[in-house]
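Beneath this line is the structure, given in structure tokens, with notes to follow.
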Amino acid sequence: MAASTSVMNSTDVVIQVSSDDVTYEIIGKMTSASLAVSMATRDTSTKDSAGWMEVLEGQKSWTLSGEGLVVYSNSGKATPDDIYTFVSNRSKVYVKFGSTSTDEYAYSGQGYFTEFSNDAGFEDNATFSFSFQGTSTLTQAAVA
Amino acid sequence: MIGKVIKYKFDNTSALNDVFGGRVYPVIGAQGGATPFAVYDTTSIRTEGSKDADSHIDIVNVSITLVGTNYGTLQTAVDDIRSTFVRMDETISSVEVQSCSFDTQSEVFNVDEETYGVEVDLTFRIIKT
């Protein structure tokens, strides 16, 4: 079966984490998830560039970020305290970003949670957010 | 669902029941009926969902209108409503109220019926999952 031809529902896009690349848990109660992939450039402008900046390819990098509602007891799901533990222990973590449906595309790799915040206002939902810095290759593949 | 909570609290809080005596109605009250009475209605519901569920918390805005001939009685009732509902954390008739906050109060006078109307707006946080 091929990937769906209709526009993907963003609700289906989740972030999964794993310590061993075997057992993955979806981060629970998330309200947003983002993946950003970028490539830096090298400035190769010279006196011959006629005033136009010239560049060549550079390093690639990727990051993840997300937000959610704080619930510490959420069976089968990764919770804010798990993310804090990853940050606190400076753990290298396996992650997957994308739908869990077969044949949809997902991105996977390794990296570190670099930021975790927990926001609690007044008569409002307690929320959390995080940033994740990928290291080395980000792999794009259809979900098996 | 929030109506069950409001009705229960009015009927089971002595300060409110002494005044309203069970005359607590959803949406509309009978014209010319015994006073004072209270009418409650849900003005809006905002869901607080995530990728896991449609809503974990419903933010329910409720308007309670108190109608009576004695202005002072209604003012006291407003205080009693605030002390009864605000910051409540209780499950009533399977409705799990996490909290409640007071939003605003407004007043009118009906010349024809010679009754005061005091509207109290509350916001409830209802746990869904």
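Within each chain, counting starts at residue 1; across the structure tokens, chains are named A, B, ... in the order shown, with ligands numbered 1 upward in that order.
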
- Query: Please, which residues of chain B lie no more than 9 Å from chain A when the count uses only C-alpha atoms, and can they be set out as a PyMOL selection string?
  - Reply: chain B and resi 48-53+56-57+99-101+125

- Message: Write out as a ChimeraX atom specification the set of residues from chain A that DSSP, computed on the backbone, places in strand (DSSP E).
- Response: /A:14-18,25-26,30-43,55-69,93-98,105-119,127-142

Would you export the selected residues with C-alpha atoms as a JSON list (two decimals), in the first residue's frame, please?
[["chain", "number", "residue", "atom", "x", "y", "z"],
["A", 14, "VAL", "CA", 4.08, 12.24, 16.41],
["A", 15, "ILE", "CA", 7.52, 12.08, 17.96],
["A", 16, "GLN", "CA", 8.70, 8.75, 19.32],
["A", 17, "VAL", "CA", 11.70, 8.25, 21.59],
["A", 18, "SER", "CA", 13.78, 5.23, 22.50],
["A", 25, "GLU", "CA", 7.32, 5.37, 23.03],
["A", 26, "ILE", "CA", 5.25, 8.22, 21.61],
["A", 30, "MET", "CA", 1.60, 16.59, 22.48],
["A", 31, "THR", "CA", -0.04, 19.60, 20.87],
["A", 32, "SER", "CA", 2.65, 20.32, 18.31],
["A", 33, "ALA", "CA", 5.70, 18.66, 16.80],
["A", 34, "SER", "CA", 8.23, 20.15, 14.44],
["A", 35, "LEU", "CA", 11.17, 18.89, 12.41],
["A", 36, "ALA", "CA", 13.63, 21.30, 10.85],
["A", 37, "VAL", "CA", 16.38, 20.23, 8.47],
["A", 38, "SER", "CA", 18.91, 22.72, 7.22],
["A", 39, "MET", "CA", 22.13, 22.99, 5.31],
["A", 40, "ALA", "CA", 24.71, 25.64, 5.98],
["A", 41, "THR", "CA", 26.55, 27.21, 3.09],
["A", 42, "ARG", "CA", 30.14, 28.23, 2.50],
["A", 43, "ASP", "CA", 30.76, 31.71, 1.20],
["A", 55, "VAL", "CA", 27.99, 29.82, -2.00],
["A", 56, "LEU", "CA", 28.76, 26.13, -1.99],
["A", 57, "GLU", "CA", 27.16, 23.38, 0.00],
["A", 58, "GLY", "CA", 28.00, 23.01, 3.69],
["A", 59, "GLN", "CA", 27.08, 21.01, 6.74],
["A", 60, "LYS", "CA", 23.61, 19.59, 7.15],
["A", 61, "SER", "CA", 21.84, 19.56, 10.50],
["A", 62, "TRP", "CA", 18.43, 18.83, 11.93],
["A", 63, "THR", "CA", 16.41, 19.61, 15.03],
["A", 64, "LEU", "CA", 13.12, 18.56, 16.56],
["A", 65, "SER", "CA", 10.88, 20.53, 18.84],
["A", 66, "GLY", "CA", 7.50, 20.02, 20.40],
["A", 67, "GLU", "CA", 4.92, 21.14, 22.92],
["A", 68, "GLY", "CA", 2.34, 19.32, 24.97],
["A", 69, "LEU", "CA", 0.07, 19.18, 27.98],
["A", 93, "VAL", "CA", 18.36, 9.16, 22.34],
["A", 94, "TYR", "CA", 16.84, 7.55, 19.27],
["A", 95, "VAL", "CA", 13.91, 9.46, 17.81],
["A", 96, "LYS", "CA", 11.33, 9.08, 15.07],
["A", 97, "PHE", "CA", 9.26, 11.90, 13.62],
["A", 98, "GLY", "CA", 6.17, 11.26, 11.51],
["A", 105, "TYR", "CA", 7.08, 8.67, 5.58],
["A", 106, "ALA", "CA", 8.90, 9.12, 8.85],
["A", 107, "TYR", "CA", 12.30, 10.49, 9.80],
["A", 108, "SER", "CA", 14.61, 8.86, 12.29],
["A", 109, "GLY", "CA", 17.96, 9.49, 13.87],
["A", 110, "GLN", "CA", 19.83, 10.05, 17.09],
["A", 111, "GLY", "CA", 20.61, 13.07, 19.18],
["A", 112, "TYR", "CA", 20.14, 14.92, 22.42],
["A", 113, "PHE", "CA", 17.32, 16.76, 24.12],
["A", 114, "THR", "CA", 18.91, 20.17, 24.55],
["A", 115, "GLU", "CA", 16.09, 22.08, 26.18],
["A", 116, "PHE", "CA", 13.10, 21.29, 28.34],
["A", 117, "SER", "CA", 10.68, 23.79, 29.80],
["A", 118, "ASN", "CA", 7.56, 23.46, 31.87],
["A", 119, "ASP", "CA", 5.16, 26.36, 31.94],
["A", 127, "THR", "CA", 2.37, 22.77, 29.37],
["A", 128, "PHE", "CA", 5.82, 21.55, 28.44],
["A", 129, "SER", "CA", 8.08, 22.12, 25.49],
["A", 130, "PHE", "CA", 11.40, 20.76, 24.33],
["A", 131, "SER", "CA", 14.12, 21.06, 21.74],
["A", 132, "PHE", "CA", 16.15, 18.22, 20.32],
["A", 133, "GLN", "CA", 19.41, 18.45, 18.41],
["A", 134, "GLY", "CA", 20.07, 15.62, 16.00],
["A", 135, "THR", "CA", 23.54, 14.25, 15.49],
["A", 136, "SER", "CA", 24.77, 12.60, 12.32],
["A", 137, "THR", "CA", 22.38, 11.20, 9.73],
["A", 138, "LEU", "CA", 18.66, 11.83, 9.57],
["A", 139, "THR", "CA", 17.03, 8.98, 7.69],
["A", 140, "GLN", "CA", 13.84, 9.33, 5.71],
["A", 141, "ALA", "CA", 11.93, 6.11, 5.07],
["A", 142, "ALA", "CA", 8.46, 4.73, 4.60]]

- For atom CA of A:Asn89 and atom CA of A:Asp20, the interatomic separation in Å (one decimal): 15.1 Å

- Message: Give me the residues near stretch 34-36 of chain B as an NGL selection string, where near means some atom within 6 Å (using only C-alpha atoms) and where sequence neighbours in that chain fewer than 2 positions away do not count.
- Response: :B and (20 or 67-68)

Keeping only N, CA and C atoms, write the selected residues as an mmCIF file, in the first residue's frame.
data_model
loop_
_atom_site.group_PDB
_atom_site.id
_atom_site.type_symbol
_atom_site.label_atom_id
_atom_site.label_comp_id
_atom_site.auth_asym_id
_atom_site.auth_seq_id
_atom_site.Cartn_x
_atom_site.Cartn_y
_atom_site.Cartn_z
ATOM 1 N N PHE B 20 -32.990 29.942 47.086
ATOM 2 C CA PHE B 20 -33.620 29.558 45.818
ATOM 3 C C PHE B 20 -34.559 28.363 45.944
ATOM 4 N N VAL B 67 -32.693 35.926 39.461
ATOM 5 C CA VAL B 67 -33.824 36.844 39.319
ATOM 6 C C VAL B 67 -34.569 36.927 40.646
ATOM 7 N N GLY B 68 -34.844 38.157 41.093
ATOM 8 C CA GLY B 68 -35.555 38.327 42.353
ATOM 9 C C GLY B 68 -35.978 39.761 42.565
#

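DSSP on the backbone gives alpha helix (DSSP H) for these parts of stretch 35-110 of chain A: Pro80, Asp81, Asp82, Ile83, Tyr84, Thr85, Phe86, Val87 and Ser88 of chain A.
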
Could you please take those selected residues and save N, CA and C atoms as an mmCIF file, in the first residue's frame?
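See out-v6.cif below for the written result:
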data_model
loop_
_atom_site.group_PDB
_atom_site.id
_atom_site.type_symbol
_atom_site.label_atom_id
_atom_site.label_comp_id
_atom_site.auth_asym_id
_atom_site.auth_seq_id
_atom_site.Cartn_x
_atom_site.Cartn_y
_atom_site.Cartn_z
ATOM 1 N N PRO A 80 6.699 14.155 30.324
ATOM 2 C CA PRO A 80 7.659 15.243 30.544
ATOM 3 C C PRO A 80 8.829 14.859 31.448
ATOM 4 N N ASP A 81 8.572 14.009 32.434
ATOM 5 C CA ASP A 81 9.689 13.632 33.323
ATOM 6 C C ASP A 81 10.706 12.754 32.588
ATOM 7 N N ASP A 82 10.253 11.992 31.579
ATOM 8 C CA ASP A 82 11.204 11.227 30.758
ATOM 9 C C ASP A 82 12.119 12.179 29.985
ATOM 10 N N ILE A 83 11.520 13.225 29.435
ATOM 11 C CA ILE A 83 12.327 14.179 28.667
ATOM 12 C C ILE A 83 13.314 14.896 29.585
ATOM 13 N N TYR A 84 12.829 15.275 30.769
ATOM 14 C CA TYR A 84 13.746 15.916 31.718
ATOM 15 C C TYR A 84 14.913 14.981 32.043
ATOM 16 N N THR A 85 14.601 13.688 32.244
ATOM 17 C CA THR A 85 15.656 12.717 32.577
ATOM 18 C C THR A 85 16.673 12.608 31.449
ATOM 19 N N PHE A 86 16.180 12.617 30.205
ATOM 20 C CA PHE A 86 17.104 12.580 29.059
ATOM 21 C C PHE A 86 18.040 13.791 29.075
ATOM 22 N N VAL A 87 17.466 14.949 29.379
ATOM 23 C CA VAL A 87 18.299 16.166 29.414
ATOM 24 C C VAL A 87 19.281 16.081 30.575
ATOM 25 N N SER A 88 18.735 15.728 31.745
ATOM 26 C CA SER A 88 19.561 15.699 32.957
ATOM 27 C C SER A 88 20.712 14.712 32.847
#

- Query: Which is closest to B:Ile127 among B:Ala15, B:Leu74, B:Val60, B:Leu66, if we use only C-alpha atoms?
  - Reply: B:Val60

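Atom CA of B:Leu16 is positioned 10.0 Å from atom CA of B:Asp79.
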
- Query: Within 10 Å of B:Ser94, counting only C-alpha atoms, which residues qualify if same-chain residues fewer than 6 places away don't, as a list in words?
  - Reply: Met1, Lys4 and Val5 of chain B

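Separating atom CA of B:Phe124 from atom CA of A:Lys77 is a distance of 27.8 Å.
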